[in-house]
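> Hey, dropping structure-v8.txt in here, compact mmCIF, C-alpha atoms:
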# COMPACT_ATOMS: atom_id res chain seq x y z
CA MET A 22 -33.25 -41.58 -41.22
CA THR A 23 -31.46 -42.82 -44.30
CA THR A 24 -33.68 -44.39 -46.93
CA LYS A 25 -32.60 -47.94 -47.68
CA VAL A 26 -32.98 -48.93 -51.31
CA GLY A 27 -32.91 -52.63 -52.18
CA VAL A 28 -31.41 -53.25 -55.61
CA VAL A 29 -32.34 -56.65 -57.00
CA VAL A 30 -29.61 -58.65 -58.73
CA PHE A 31 -30.80 -61.19 -61.28
CA PRO A 32 -28.35 -63.41 -63.14
CA GLY A 33 -27.45 -61.08 -66.02
CA SER A 34 -28.18 -57.77 -64.28
CA ASN A 35 -25.33 -55.34 -64.89
CA CYS A 36 -26.33 -51.93 -63.55
CA GLU A 37 -26.85 -52.82 -59.90
CA GLN A 38 -23.58 -51.36 -58.58
CA ASP A 39 -24.17 -48.12 -60.48
CA VAL A 40 -27.58 -47.79 -58.85
CA VAL A 41 -26.16 -48.48 -55.38
CA GLU A 42 -23.44 -45.87 -55.99
CA ALA A 43 -25.87 -43.27 -57.32
CA VAL A 44 -28.34 -43.82 -54.48
CA GLY A 45 -25.44 -43.17 -52.09
CA THR A 46 -24.58 -39.86 -53.74
CA VAL A 47 -28.10 -38.55 -53.11
CA GLY A 48 -28.10 -39.50 -49.44
CA GLY A 49 -29.70 -42.94 -49.50
CA SER A 50 -28.12 -46.29 -48.90
CA GLY A 51 -28.23 -49.03 -51.49
CA GLU A 52 -28.25 -52.69 -50.64
CA LEU A 53 -28.05 -55.59 -53.09
CA LEU A 54 -30.78 -58.24 -52.95
CA TRP A 55 -30.40 -61.61 -54.70
CA HIS A 56 -33.20 -62.74 -57.00
CA LYS A 57 -33.53 -66.01 -55.06
CA ASP A 58 -34.32 -64.15 -51.83
CA THR A 59 -37.97 -64.43 -50.86
CA CYS A 60 -38.16 -61.37 -48.64
CA LEU A 61 -36.99 -57.79 -49.00
CA GLY A 62 -35.81 -57.25 -45.43
CA ASP A 63 -36.25 -53.74 -44.13
CA VAL A 64 -35.79 -51.78 -47.37
CA ASP A 65 -37.83 -48.62 -47.96
CA ALA A 66 -37.74 -48.85 -51.75
CA VAL A 67 -36.84 -51.38 -54.44
CA VAL A 68 -35.02 -50.89 -57.73
CA LEU A 69 -34.94 -53.47 -60.50
CA PRO A 70 -31.79 -52.45 -62.37
CA GLY A 71 -30.80 -52.69 -66.03
CA GLY A 72 -29.07 -55.59 -67.69
CA PHE A 73 -30.13 -58.84 -69.30
CA ALA A 74 -31.85 -60.78 -66.52
CA HIS A 75 -31.76 -64.51 -67.25
CA GLY A 76 -30.20 -63.70 -70.61
CA ASP A 77 -33.45 -62.08 -71.77
CA TYR A 78 -34.42 -65.58 -72.91
CA LEU A 79 -37.91 -66.04 -74.33
CA ARG A 80 -38.66 -62.29 -73.95
CA THR A 81 -37.02 -59.53 -71.95
CA GLY A 82 -38.19 -59.89 -68.37
CA ALA A 83 -40.19 -63.07 -69.04
CA MET A 84 -38.01 -65.32 -66.89
CA ALA A 85 -37.09 -62.71 -64.28
CA ARG A 86 -40.73 -62.08 -63.56
CA PHE A 87 -40.84 -65.57 -61.99
CA SER A 88 -37.66 -65.20 -59.92
CA PRO A 89 -38.43 -66.03 -56.27
CA ILE A 90 -37.99 -62.43 -55.09
CA MET A 91 -40.71 -61.15 -57.39
CA GLY A 92 -43.48 -62.38 -55.08
CA ALA A 93 -42.12 -60.11 -52.36
CA VAL A 94 -41.65 -57.25 -54.82
CA GLU A 95 -45.27 -57.60 -55.98
CA ARG A 96 -46.56 -57.55 -52.39
CA PHE A 97 -44.37 -54.57 -51.56
CA ALA A 98 -45.66 -52.71 -54.62
CA ARG A 99 -49.31 -53.54 -53.89
CA ASP A 100 -48.82 -52.23 -50.34
CA GLY A 101 -47.70 -48.91 -51.79
CA GLY A 102 -43.92 -49.40 -51.49
CA PRO A 103 -41.84 -47.52 -54.07
CA VAL A 104 -40.63 -49.83 -56.86
CA VAL A 105 -38.59 -48.51 -59.76
CA GLY A 106 -37.65 -50.51 -62.85
CA ILE A 107 -34.86 -49.11 -64.97
CA CYS A 108 -34.47 -50.40 -68.54
CA ASN A 109 -34.51 -54.21 -68.14
CA GLY A 110 -36.23 -53.53 -64.80
CA PHE A 111 -39.03 -51.72 -66.66
CA GLN A 112 -39.36 -54.73 -68.97
CA ILE A 113 -39.62 -57.02 -65.93
CA LEU A 114 -42.33 -54.82 -64.36
CA THR A 115 -44.48 -55.01 -67.50
CA GLU A 116 -44.04 -58.79 -67.72
CA ALA A 117 -45.02 -59.00 -64.04
CA GLN A 118 -48.08 -56.88 -64.87
CA LEU A 119 -47.16 -54.35 -62.23
CA LEU A 120 -47.18 -51.90 -65.12
CA PRO A 121 -49.29 -52.10 -68.30
CA GLY A 122 -48.02 -52.51 -71.87
CA ALA A 123 -44.91 -54.20 -73.19
CA LEU A 124 -41.46 -53.24 -74.47
CA TYR A 125 -40.59 -54.39 -77.97
CA LYS A 126 -37.65 -54.09 -80.35
CA ASN A 127 -36.61 -50.58 -81.34
CA ARG A 128 -37.82 -49.29 -84.66
CA GLY A 129 -34.73 -49.48 -86.87
CA LEU A 130 -33.48 -52.58 -85.03
CA LYS A 131 -30.51 -50.76 -83.54
CA PHE A 132 -29.21 -51.17 -80.04
CA LEU A 133 -29.29 -47.54 -78.86
CA CYS A 134 -26.66 -46.26 -76.45
CA GLN A 135 -26.83 -42.48 -76.47
CA PRO A 136 -27.88 -39.40 -74.51
CA ALA A 137 -31.58 -38.59 -74.54
CA VAL A 138 -33.61 -35.57 -73.52
CA LEU A 139 -36.65 -36.43 -71.42
CA ARG A 140 -39.59 -34.24 -70.62
CA VAL A 141 -41.24 -34.67 -67.24
CA GLU A 142 -44.96 -35.28 -67.86
CA SER A 143 -46.18 -36.07 -64.37
CA MET A 144 -45.20 -35.17 -60.84
CA ASP A 145 -47.36 -37.94 -59.39
CA SER A 146 -44.62 -40.58 -59.27
CA VAL A 147 -42.06 -41.48 -56.63
CA LEU A 148 -39.29 -40.31 -58.97
CA THR A 149 -40.70 -36.98 -60.10
CA ARG A 150 -42.39 -35.60 -57.01
CA GLY A 151 -39.67 -32.96 -56.64
CA LEU A 152 -39.81 -31.85 -60.26
CA THR A 153 -42.14 -29.82 -62.45
CA VAL A 154 -44.07 -30.85 -65.55
CA GLY A 155 -42.14 -29.63 -68.57
CA ASP A 156 -38.71 -29.98 -66.93
CA GLU A 157 -36.19 -31.38 -69.39
CA LEU A 158 -33.64 -33.93 -68.22
CA ASN A 159 -30.53 -35.31 -69.91
CA ILE A 160 -30.42 -39.02 -69.18
CA PRO A 161 -28.87 -41.69 -71.41
CA ILE A 162 -30.62 -44.69 -72.92
CA ASN A 163 -29.03 -48.09 -73.51
CA HIS A 164 -31.42 -50.63 -74.95
CA PHE A 165 -32.55 -52.78 -77.87
CA GLU A 166 -36.12 -53.23 -76.70
CA GLY A 167 -37.41 -49.88 -75.51
CA ASN A 168 -40.29 -49.45 -77.88
CA PHE A 169 -43.29 -49.18 -75.54
CA ILE A 170 -46.41 -50.79 -76.94
CA CYS A 171 -49.93 -50.80 -75.51
CA SER A 172 -53.52 -50.85 -76.68
CA GLU A 173 -55.42 -47.63 -77.37
CA ARG A 174 -57.49 -48.33 -74.29
CA VAL A 175 -54.40 -48.54 -72.08
CA LEU A 176 -52.92 -45.42 -73.68
CA ASP A 177 -56.13 -43.51 -72.93
CA GLN A 178 -55.97 -44.70 -69.35
CA LEU A 179 -52.32 -43.71 -68.98
CA ARG A 180 -53.21 -40.23 -70.20
CA GLU A 181 -56.35 -39.88 -68.09
CA LYS A 182 -54.74 -41.06 -64.88
CA ASN A 183 -51.57 -39.06 -65.46
CA GLN A 184 -49.43 -42.20 -65.62
CA ILE A 185 -47.08 -41.08 -68.38
CA VAL A 186 -44.09 -39.93 -66.34
CA PHE A 187 -41.53 -39.13 -69.06
CA THR A 188 -41.57 -38.64 -72.81
CA TYR A 189 -38.60 -38.30 -75.19
CA ARG A 190 -38.10 -34.96 -76.87
CA ASP A 191 -36.89 -36.83 -79.96
CA ASN A 192 -38.43 -40.28 -80.16
CA PRO A 193 -35.40 -42.58 -80.62
CA ASN A 194 -37.03 -45.99 -80.96
CA GLY A 195 -40.58 -45.70 -82.28
CA THR A 196 -42.12 -45.86 -78.82
CA THR A 197 -45.86 -45.17 -78.56
CA ALA A 198 -46.67 -41.51 -77.84
CA ASP A 199 -42.93 -40.80 -77.23
CA ILE A 200 -43.22 -42.65 -73.92
CA ALA A 201 -39.96 -43.15 -72.01
CA GLY A 202 -41.43 -43.99 -68.61
CA ILE A 203 -44.77 -44.70 -66.95
CA CYS A 204 -46.12 -45.35 -63.48
CA ASN A 205 -49.05 -47.24 -61.97
CA GLU A 206 -52.18 -45.43 -60.82
CA ASN A 207 -50.75 -44.77 -57.37
CA GLY A 208 -47.44 -43.52 -58.70
CA ASN A 209 -45.43 -45.85 -56.46
CA VAL A 210 -44.38 -48.21 -59.26
CA VAL A 211 -42.36 -46.54 -62.01
CA GLY A 212 -40.70 -47.99 -65.09
CA MET A 213 -38.35 -46.05 -67.34
CA MET A 214 -36.03 -47.02 -70.18
CA PRO A 215 -33.39 -44.28 -69.60
CA HIS A 216 -30.76 -44.82 -66.91
CA PRO A 217 -30.86 -42.18 -64.14
CA GLU A 218 -27.92 -43.86 -62.36
CA ARG A 219 -25.76 -43.07 -65.39
CA ALA A 220 -26.53 -39.37 -65.03
CA ALA A 221 -25.78 -38.94 -61.36
CA HIS A 222 -22.30 -37.40 -61.32
CA PRO A 223 -20.76 -34.40 -63.15
CA LEU A 224 -18.09 -36.71 -64.59
CA LEU A 225 -20.85 -38.62 -66.38
CA GLY A 226 -21.92 -35.50 -68.25
CA SER A 227 -25.21 -34.97 -66.43
CA THR A 228 -26.55 -35.03 -62.90
CA ASP A 229 -30.21 -34.96 -63.93
CA GLY A 230 -30.67 -38.61 -63.01
CA ALA A 231 -29.68 -37.76 -59.45
CA LEU A 232 -32.77 -35.52 -59.23
CA LEU A 233 -34.95 -38.56 -59.81
CA LEU A 234 -33.12 -40.79 -57.34
CA LYS A 235 -33.31 -37.96 -54.84
CA GLY A 236 -37.08 -38.04 -55.21
CA LEU A 237 -36.94 -41.74 -54.46
CA VAL A 238 -34.81 -41.47 -51.31
CA SER A 239 -36.37 -38.30 -49.93
CA GLY A 240 -39.71 -40.04 -49.35
CA ASP A 241 -42.94 -38.34 -48.47
CA MET B 12 -52.93 -93.40 -67.88
CA SER B 13 -51.38 -90.48 -69.63
CA THR B 14 -50.53 -89.99 -73.26
CA ALA B 15 -47.69 -88.03 -74.78
CA PHE B 16 -48.57 -85.25 -77.20
CA ASP B 17 -46.26 -83.47 -79.61
CA VAL B 18 -46.90 -79.77 -79.30
CA ALA B 19 -45.97 -76.96 -81.66
CA VAL B 20 -46.54 -73.40 -80.53
CA GLU B 21 -46.12 -70.59 -83.03
CA VAL B 22 -45.73 -67.20 -81.40
CA SER B 23 -46.27 -64.23 -83.68
CA LEU B 24 -46.60 -60.50 -83.26
CA ARG B 25 -50.19 -59.35 -83.11
CA ASP B 26 -51.64 -57.72 -86.19
CA GLY B 27 -51.04 -54.02 -86.28
CA ILE B 28 -47.80 -54.12 -84.31
CA ALA B 29 -44.87 -53.01 -86.41
CA ASP B 30 -42.31 -55.75 -86.95
CA PRO B 31 -38.93 -54.10 -87.60
CA GLU B 32 -37.25 -57.47 -88.12
CA GLY B 33 -39.77 -58.53 -90.76
CA LEU B 34 -39.45 -55.16 -92.50
CA THR B 35 -35.66 -55.42 -92.63
CA ILE B 36 -35.81 -58.89 -94.16
CA GLU B 37 -38.42 -57.72 -96.63
CA ARG B 38 -36.18 -54.86 -97.72
CA ALA B 39 -33.21 -57.19 -98.17
CA LEU B 40 -34.98 -59.65 -100.47
CA PRO B 41 -35.16 -57.55 -103.66
CA ALA B 42 -31.40 -57.03 -103.49
CA LEU B 43 -31.01 -60.80 -103.67
CA GLY B 44 -33.25 -61.05 -106.68
CA PHE B 45 -36.45 -62.06 -104.93
CA SER B 46 -39.10 -59.58 -105.91
CA GLY B 47 -42.78 -59.47 -105.10
CA VAL B 48 -42.45 -60.49 -101.45
CA SER B 49 -44.52 -58.62 -98.90
CA GLY B 50 -46.02 -58.94 -95.46
CA ILE B 51 -43.11 -60.72 -93.74
CA ARG B 52 -43.74 -61.29 -90.05
CA VAL B 53 -41.08 -62.86 -87.85
CA GLY B 54 -42.09 -65.01 -84.92
CA LYS B 55 -40.80 -67.93 -82.95
CA SER B 56 -41.68 -71.53 -82.71
CA LEU B 57 -41.54 -73.80 -79.68
CA ARG B 58 -41.67 -77.60 -79.91
CA PHE B 59 -42.15 -79.85 -76.93
CA VAL B 60 -43.90 -82.93 -75.56
CA VAL B 61 -46.68 -82.84 -72.97
CA GLU B 62 -47.98 -85.81 -71.01
CA ALA B 63 -51.67 -85.57 -70.19
CA PRO B 64 -54.69 -87.88 -69.70
CA ASP B 65 -56.24 -86.75 -73.00
CA GLU B 66 -55.89 -84.22 -75.78
CA ASP B 67 -58.30 -81.67 -74.27
CA GLU B 68 -56.36 -81.60 -71.04
CA ALA B 69 -53.06 -81.33 -72.93
CA ARG B 70 -54.43 -78.37 -74.87
CA ARG B 71 -55.68 -76.71 -71.70
CA GLN B 72 -52.21 -77.01 -70.19
CA VAL B 73 -50.51 -75.59 -73.26
CA GLU B 74 -52.99 -72.69 -73.44
CA ALA B 75 -52.33 -71.93 -69.77
CA MET B 76 -48.56 -71.94 -70.23
CA CYS B 77 -48.87 -69.70 -73.28
CA GLU B 78 -51.02 -67.23 -71.41
CA ARG B 79 -48.82 -67.15 -68.34
CA PHE B 80 -45.34 -67.52 -69.78
CA LEU B 81 -44.67 -68.55 -73.37
CA ALA B 82 -46.22 -65.49 -74.99
CA ASN B 83 -47.03 -61.94 -73.95
CA PRO B 84 -50.67 -61.30 -74.86
CA VAL B 85 -50.04 -57.56 -75.04
CA ILE B 86 -47.98 -57.96 -78.20
CA GLU B 87 -48.17 -61.60 -79.27
CA ASP B 88 -50.66 -64.17 -80.58
CA VAL B 89 -50.19 -67.92 -80.35
CA ASP B 90 -51.17 -70.77 -82.59
CA ILE B 91 -51.14 -74.19 -80.93
CA SER B 92 -50.91 -77.50 -82.80
CA LEU B 93 -51.15 -80.74 -80.93
CA SER B 94 -51.02 -84.39 -81.95
CA PRO B 95 -50.37 -87.75 -80.27
CA ALA B 96 -46.62 -88.26 -80.06
CA SER B 97 -45.26 -90.45 -82.80
Can the structure from this file be put into structure tokens for me?

Amino acid sequence: MTTKVGVVVFPGSNCEQDVVEAVGTVGGSGELLWHKDTCLGDVDAVVLPGGFAHGDYLRTGAMARFSPIMGAVERFARDGGPVVGICNGFQILTEAQLLPGALYKNRGLKFLCQPAVLRVESMDSVLTRGLTVGDELNIPINHFEGNFICSERVLDQLREKNQIVFTYRDNPNGTTADIAGICNENGNVVGMMPHPERAAHPLLGSTDGALLLKGLVSGD
Amino acid sequence: MSTAFDVAVEVSLRDGIADPEGLTIERALPALGFSGVSGIRVGKSLRFVVEAPDEDEARRQVEAMCERFLANPVIEDVDISLSPAS
């Protein structure tokens, strides 16, 4: 059975079609969901895509976290459903407290749009279950606020519970402990700043992102 | 009976969190002839009016909105000032 991935569109999202396309290339089927919807239908997984939801007003993700669909996303996540936040989606997940920490302005105050090399740090997430710790992936970043910040206590917990999913080989933005992506304790909620959907076709220079989306659509 | 209160909320980065915007401004100042400036922290300020039965209740409401929405406690602190609307 084909895995159906719901991709949430907020006003200001701009990566939703790329995610739908990329999910299709790895054998899943992507379906757009509007942020004003209050239920997720029959999707098997949810992606919060990149962009500038609600203009990033107040803080990135601060408004989007209260969009009507987020209640359903939170319930889905708490029931163990796979939820992936990419870039702005990661920021929304931290604001919604589905993931710990916060994303703040890059060190150097530059908007970064460039390739990045990620190291897989955990196989206990819905994106990395088909990979091996130490695998290196080429996946681009495209953000101004990707500097992950958390307390020492949270960082210790992330390490202990194996919740750091990806680190950067060369820290581009000052992020704590080189963190590029994390997951919740169960591994079903994942947030990452790099864009796997932009590395899902040979023409894009890398297909490493497809490996992650494949993990998402292949299920358990 | 409810009273209107002028509210000022200052949102600032928590101590210990690097502020790249503040640093950049700090570095620019000597070039403009302003020396001896340090410790610049950039934040934001929100001004609004709240109607509430009394000042305590108004403050409670503002604290709740800060906690839930106006600031992110992971990275930000808030300073609330409140006075009867003029």
> Return as a count of residues only the residues belonging to chain B that are within 7 Å of chain A, counting all atoms listed in the file.
5
> Would you mind telling me which residue in A:Met214, A:Val26, A:Val147, A:Cys204 lies nearest to Gln118 of chain A when using all atoms listed in the file?
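Using all atoms listed in the file, the shortest distance to Gln118 of chain A belongs to A:Cys204.
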> Considering only C-alpha atoms, return as an MDAnalysis selection string whatever protein or nucleic-acid residues lie within 12 Å of Ile113 of chain A, sequence-local ones (same chain, fewer than 6 positions apart) excluded.
(chainID A and resid 29 31 34 68:75 77 80:88 91 94:95 104:107 119:124 166 211:214) or (chainID B and resid 83)
> What is the distance, in Å and to one decimal place, between atom CA of Val53 of chain B and atom CA of Glu37 of chain B?
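Spanning atom CA of Val53 of chain B to atom CA of Glu37 of chain B is a straight-line distance of 10.5 Å.
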> When you draw a straight line from atom CA of Cys36 of chain A to atom CA of Asn168 of chain A, how long is it in Å?
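Rounded to one decimal, the two atoms are 20.2 Å apart.
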> Expressed in Å to a single decimal, how great is the separation between atom CA of Gly240 of chain A and atom CA of Thr188 of chain A?
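Value for the atom CA of Gly240 of chain A-atom CA of Thr188 of chain A distance: 23.6 Å.
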> Pick out the closest residue to Cys108 of chain A from this set: A:Asn35, A:Ser50, A:Thr59, A:Gln184. Count all atoms listed in the file.
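Among A:Asn35, A:Ser50, A:Thr59, A:Gln184, it is A:Asn35 that comes nearest to Cys108 of chain A.
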> For Gly155 of chain A, list every protein, DNA or RNA residue within 9 Å, evaluated using all atoms listed in the file, and leave out those in the same chain fewer than 6 positions away; present the list as a VMD selection string.
chain A and resid 140 to 143
> If you count only C-alpha atoms, which residues fall within 10 Å of Trp55 of chain A, apart from same-chain ones fewer than 5 positions away, as a PDB file with C-alpha atoms, in the frame of the given file?

ATOM      1  CA  GLY A  27     -32.910 -52.630 -52.180  1.00  0.00           C
ATOM      2  CA  VAL A  28     -31.410 -53.250 -55.610  1.00  0.00           C
ATOM      3  CA  VAL A  29     -32.340 -56.650 -57.000  1.00  0.00           C
ATOM      4  CA  VAL A  30     -29.610 -58.650 -58.730  1.00  0.00           C
ATOM      5  CA  PHE A  31     -30.800 -61.190 -61.280  1.00  0.00           C
ATOM      6  CA  PRO A  32     -28.350 -63.410 -63.140  1.00  0.00           C
ATOM      7  CA  CYS A  60     -38.160 -61.370 -48.640  1.00  0.00           C
ATOM      8  CA  LEU A  61     -36.990 -57.790 -49.000  1.00  0.00           C
ATOM      9  CA  SER A  88     -37.660 -65.200 -59.920  1.00  0.00           C
ATOM     10  CA  PRO A  89     -38.430 -66.030 -56.270  1.00  0.00           C
ATOM     11  CA  ILE A  90     -37.990 -62.430 -55.090  1.00  0.00           C
TER      12      ILE A  90
END
> Skip Asp67 of chain B itself and residues of its chain fewer than 3 positions away, then list as a PyMOL selection string all residues within 12 Å of it, counting all atoms listed in the file.
chain B and resi 14+16+61-64+70-74+93-95
> Ranking B:Arg52, B:Ile91, B:Arg58, B:Phe45 by minimum distance to Gly27 of chain B and counting all atoms listed in the file, which one comes first?
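Checking each candidate against Gly27 of chain B, we get B:Arg52 as the closest.
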> Within 9 Å of segment 226-238 of chain A, counting all atoms listed in the file, which residues qualify if same-chain residues fewer than 5 places away don't, as a compact mmCIF listing (two decimals) with C-alpha atoms, keeping the file's coordinate frame?

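Generated output (result.txt):
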# COMPACT_ATOMS: atom_id res chain seq x y z
CA THR A 23 -31.46 -42.82 -44.30
CA THR A 24 -33.68 -44.39 -46.93
CA LYS A 25 -32.60 -47.94 -47.68
CA VAL A 26 -32.98 -48.93 -51.31
CA ALA A 43 -25.87 -43.27 -57.32
CA VAL A 44 -28.34 -43.82 -54.48
CA THR A 46 -24.58 -39.86 -53.74
CA VAL A 47 -28.10 -38.55 -53.11
CA GLY A 48 -28.10 -39.50 -49.44
CA GLY A 49 -29.70 -42.94 -49.50
CA SER A 50 -28.12 -46.29 -48.90
CA ASP A 65 -37.83 -48.62 -47.96
CA ALA A 66 -37.74 -48.85 -51.75
CA PRO A 103 -41.84 -47.52 -54.07
CA VAL A 105 -38.59 -48.51 -59.76
CA SER A 146 -44.62 -40.58 -59.27
CA VAL A 147 -42.06 -41.48 -56.63
CA LEU A 148 -39.29 -40.31 -58.97
CA THR A 149 -40.70 -36.98 -60.10
CA ARG A 150 -42.39 -35.60 -57.01
CA GLY A 151 -39.67 -32.96 -56.64
CA LEU A 152 -39.81 -31.85 -60.26
CA GLU A 157 -36.19 -31.38 -69.39
CA LEU A 158 -33.64 -33.93 -68.22
CA ASN A 159 -30.53 -35.31 -69.91
CA ILE A 160 -30.42 -39.02 -69.18
CA HIS A 216 -30.76 -44.82 -66.91
CA PRO A 217 -30.86 -42.18 -64.14
CA GLU A 218 -27.92 -43.86 -62.36
CA ARG A 219 -25.76 -43.07 -65.39
CA ALA A 220 -26.53 -39.37 -65.03
CA ALA A 221 -25.78 -38.94 -61.36
> Pick from B:Val89, B:Leu57, B:Ile51, B:Ala69: nearest to Asp30 of chain B, with all atoms listed in the file counted?
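Smallest distance to Asp30 of chain B is found for B:Ile51.
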